[in-house]
Amino acid sequence: TGYQRQESGFWEAQTLLFELISSLQQIDEERKSESNGTFSRNVDNFLRKNLSVRLTSTKLAGMMGISISQLNHRYRQETGTSPIRRQLEMRLEYAAGMVLNNNTLAEIADRLGFSSAFHLSRDFRKYFGLSPANFRRRGGEAM
């Protein structure tokens with residue numbers, strides 16, 4: 001078009017090219033904003049489905065088919081924490097509900113993959129600021 005219409009066609013083609021580039025950039029920005037948080041949501045869903053599995057970054061990255069550094073970097077970039085820390089938080093939040101439902105610490109530890117009731121109790125106290133027994137007495141106030 002630009003060649004056939006000479007100089008005016010050249011400028012018309014330039015304008016069309018810039019409009020096309022602008023549209024492509026806008027589509028790319030929309031795609032990036034839509035995908036923000038998608039990676040961490042996918043990891044969180046995976047972690048939720050595997051609460052009872054004690055994961056390491058190596059195991060989690062392998063199960064998700066990505067490198068450890070990519071897993072940790074992307075997840076921390078979106079959430080501000082590590083995926084392994086997030087799994088512990090999820091397990092403790094789930095444990096809180098089980099404590100309120102009068103499950104024993106041994107049952108909770110076994111179901112959620114803690115190595116013992118002692119470790120569950122220790123992590124629970126660090127996270128909620130109360131022992132599981134005090135948490136139960138207060139009806140979950142710490143949440």
# chains A, B, ... in the order shown; residues from 1 in each chain; ligands from 1

$ residues_around --residues "range 54-58 of chain A" --least-positions-apart "6" --cutoff "7 Å" --atoms "only C-alpha atoms" --output "list in words"
Ile68, Ile84 and Gly113 of chain A

$ write_last_selection --atoms "C-alpha atoms" --output "mmCIF file, in the first residue's frame"
data_model
loop_
_atom_site.group_PDB
_atom_site.id
_atom_site.type_symbol
_atom_site.label_atom_id
_atom_site.label_comp_id
_atom_site.auth_asym_id
_atom_site.auth_seq_id
_atom_site.Cartn_x
_atom_site.Cartn_y
_atom_site.Cartn_z
ATOM 1 C CA ILE A 68 13.697 -25.066 42.414
ATOM 2 C CA ILE A 84 7.161 -24.369 51.830
ATOM 3 C CA GLY A 113 1.978 -34.945 57.943
#

$ residues_around --residues "Thr79 in chain A" --least-positions-apart "6" --cutoff "12 Å" --atoms "only C-alpha atoms" --output "list in words"
Asn36, Gly37, Thr38, Phe39, Ser40, Arg41, Val43, Asp44, Leu71, Asn72, His73, Arg85 and Arg86 of chain A

$ select_by_dssp --residues "chain A" --states "helix (DSSP H, G or I)" --output "NGL selection string"
:A and (6-35 or 38-49 or 57-64 or 68-79 or 83-100 or 105-112 or 117-128 or 132-137)

$ closest_residue --among "A:Ser8, A:Gln14, A:Ser22, A:Asn45" --to "Met90 in chain A" --atoms "only C-alpha atoms"
A:Asn45

$ residues_around --residues "Arg122 in chain A" --least-positions-apart "4" --cutoff "8 Å" --atoms "only C-alpha atoms" --output "list in words"
Phe118, Lys126 and Ser131 of chain A

$ write_last_selection --atoms "all heavy atoms" --output "tab-separated table (two decimals), in the first residue's frame"
chain	number	residue	atom	x	y	z
A	118	PHE	N	4.17	-33.36	69.20
A	118	PHE	CA	5.04	-32.33	69.78
A	118	PHE	C	5.39	-31.26	68.75
A	118	PHE	O	5.29	-30.06	69.01
A	118	PHE	CB	6.33	-32.96	70.34
A	118	PHE	CG	7.36	-31.94	70.73
A	118	PHE	CD1	7.25	-31.24	71.92
A	118	PHE	CD2	8.42	-31.64	69.87
A	118	PHE	CE1	8.19	-30.28	72.26
A	118	PHE	CE2	9.35	-30.70	70.22
A	118	PHE	CZ	9.24	-30.01	71.42
A	126	LYS	N	3.89	-21.25	67.76
A	126	LYS	CA	4.63	-20.19	67.06
A	126	LYS	C	3.72	-19.40	66.12
A	126	LYS	O	3.80	-18.19	66.03
A	126	LYS	CB	5.77	-20.79	66.22
A	126	LYS	CG	6.99	-21.16	66.98
A	126	LYS	CD	8.04	-21.67	66.00
A	126	LYS	CE	9.22	-22.30	66.70
A	126	LYS	NZ	10.18	-22.88	65.73
A	131	SER	N	-1.07	-22.27	72.69
A	131	SER	CA	-0.99	-23.72	72.55
A	131	SER	C	-2.31	-24.21	71.96
A	131	SER	O	-3.34	-23.51	72.06
A	131	SER	CB	-0.77	-24.38	73.91
A	131	SER	OG	-1.93	-24.24	74.70

$ residues_around --residues "Leu51 in chain A" --least-positions-apart "6" --cutoff "12 Å" --atoms "only C-alpha atoms" --output "PDB file with N, CA and C atoms, in the first residue's frame"
ATOM      1  N   ASP A  44      -0.634 -22.916  45.313  1.00  0.00           N
ATOM      2  CA  ASP A  44      -1.482 -23.037  46.508  1.00  0.00           C
ATOM      3  C   ASP A  44      -2.487 -24.173  46.366  1.00  0.00           C
ATOM      4  N   ASN A  45      -3.108 -24.282  45.201  1.00  0.00           N
ATOM      5  CA  ASN A  45      -4.064 -25.379  44.975  1.00  0.00           C
ATOM      6  C   ASN A  45      -3.364 -26.731  45.091  1.00  0.00           C
ATOM      7  N   ILE A  84       7.095 -23.429  50.706  1.00  0.00           N
ATOM      8  CA  ILE A  84       7.161 -24.369  51.830  1.00  0.00           C
ATOM      9  C   ILE A  84       6.603 -23.700  53.088  1.00  0.00           C
ATOM     10  N   ARG A  86       4.355 -21.374  53.058  1.00  0.00           N
ATOM     11  CA  ARG A  86       2.910 -21.290  52.824  1.00  0.00           C
ATOM     12  C   ARG A  86       2.238 -22.629  53.113  1.00  0.00           C
ATOM     13  N   GLN A  87       2.891 -23.727  52.763  1.00  0.00           N
ATOM     14  CA  GLN A  87       2.294 -25.027  53.054  1.00  0.00           C
ATOM     15  C   GLN A  87       2.171 -25.231  54.559  1.00  0.00           C
ATOM     16  N   LEU A  88       3.185 -24.837  55.308  1.00  0.00           N
ATOM     17  CA  LEU A  88       3.117 -24.955  56.765  1.00  0.00           C
ATOM     18  C   LEU A  88       1.954 -24.124  57.306  1.00  0.00           C
ATOM     19  N   GLU A  89       1.796 -22.906  56.802  1.00  0.00           N
ATOM     20  CA  GLU A  89       0.681 -22.053  57.240  1.00  0.00           C
ATOM     21  C   GLU A  89      -0.661 -22.708  56.937  1.00  0.00           C
ATOM     22  N   MET A  90      -0.792 -23.269  55.745  1.00  0.00           N
ATOM     23  CA  MET A  90      -2.044 -23.952  55.379  1.00  0.00           C
ATOM     24  C   MET A  90      -2.317 -25.124  56.311  1.00  0.00           C
ATOM     25  N   ARG A  91      -1.278 -25.905  56.591  1.00  0.00           N
ATOM     26  CA  ARG A  91      -1.437 -27.060  57.464  1.00  0.00           C
ATOM     27  C   ARG A  91      -1.859 -26.619  58.862  1.00  0.00           C
ATOM     28  N   LEU A  92      -1.272 -25.530  59.345  1.00  0.00           N
ATOM     29  CA  LEU A  92      -1.616 -25.050  60.689  1.00  0.00           C
ATOM     30  C   LEU A  92      -3.027 -24.467  60.727  1.00  0.00           C
ATOM     31  N   GLU A  93      -3.437 -23.784  59.682  1.00  0.00           N
ATOM     32  CA  GLU A  93      -4.799 -23.243  59.624  1.00  0.00           C
ATOM     33  C   GLU A  93      -5.821 -24.387  59.600  1.00  0.00           C
ATOM     34  N   TYR A  94      -5.506 -25.425  58.851  1.00  0.00           N
ATOM     35  CA  TYR A  94      -6.380 -26.594  58.820  1.00  0.00           C
ATOM     36  C   TYR A  94      -6.383 -27.283  60.183  1.00  0.00           C
ATOM     37  N   ALA A  95      -5.198 -27.359  60.800  1.00  0.00           N
ATOM     38  CA  ALA A  95      -5.078 -27.969  62.129  1.00  0.00           C
ATOM     39  C   ALA A  95      -5.920 -27.204  63.146  1.00  0.00           C
ATOM     40  N   ILE A 108      -4.334 -35.169  64.445  1.00  0.00           N
ATOM     41  CA  ILE A 108      -4.073 -34.032  63.559  1.00  0.00           C
ATOM     42  C   ILE A 108      -2.685 -34.151  62.951  1.00  0.00           C
ATOM     43  N   ALA A 109      -1.697 -34.449  63.796  1.00  0.00           N
ATOM     44  CA  ALA A 109      -0.323 -34.576  63.314  1.00  0.00           C
ATOM     45  C   ALA A 109      -0.223 -35.662  62.252  1.00  0.00           C
ATOM     46  N   ASP A 110      -0.872 -36.783  62.502  1.00  0.00           N
ATOM     47  CA  ASP A 110      -0.835 -37.884  61.554  1.00  0.00           C
ATOM     48  C   ASP A 110      -1.514 -37.510  60.239  1.00  0.00           C
ATOM     49  N   ARG A 111      -2.653 -36.877  60.327  1.00  0.00           N
ATOM     50  CA  ARG A 111      -3.423 -36.531  59.123  1.00  0.00           C
ATOM     51  C   ARG A 111      -2.750 -35.453  58.289  1.00  0.00           C
ATOM     52  N   LEU A 112      -2.050 -34.516  58.947  1.00  0.00           N
ATOM     53  CA  LEU A 112      -1.465 -33.397  58.225  1.00  0.00           C
ATOM     54  C   LEU A 112       0.039 -33.533  57.985  1.00  0.00           C
ATOM     55  N   GLY A 113       0.591 -34.687  58.286  1.00  0.00           N
ATOM     56  CA  GLY A 113       1.978 -34.945  57.943  1.00  0.00           C
ATOM     57  C   GLY A 113       3.019 -34.348  58.874  1.00  0.00           C
ATOM     58  N   PHE A 114       2.621 -33.983  60.090  1.00  0.00           N
ATOM     59  CA  PHE A 114       3.614 -33.535  61.067  1.00  0.00           C
ATOM     60  C   PHE A 114       4.311 -34.780  61.618  1.00  0.00           C
TER      61      PHE A 114
END
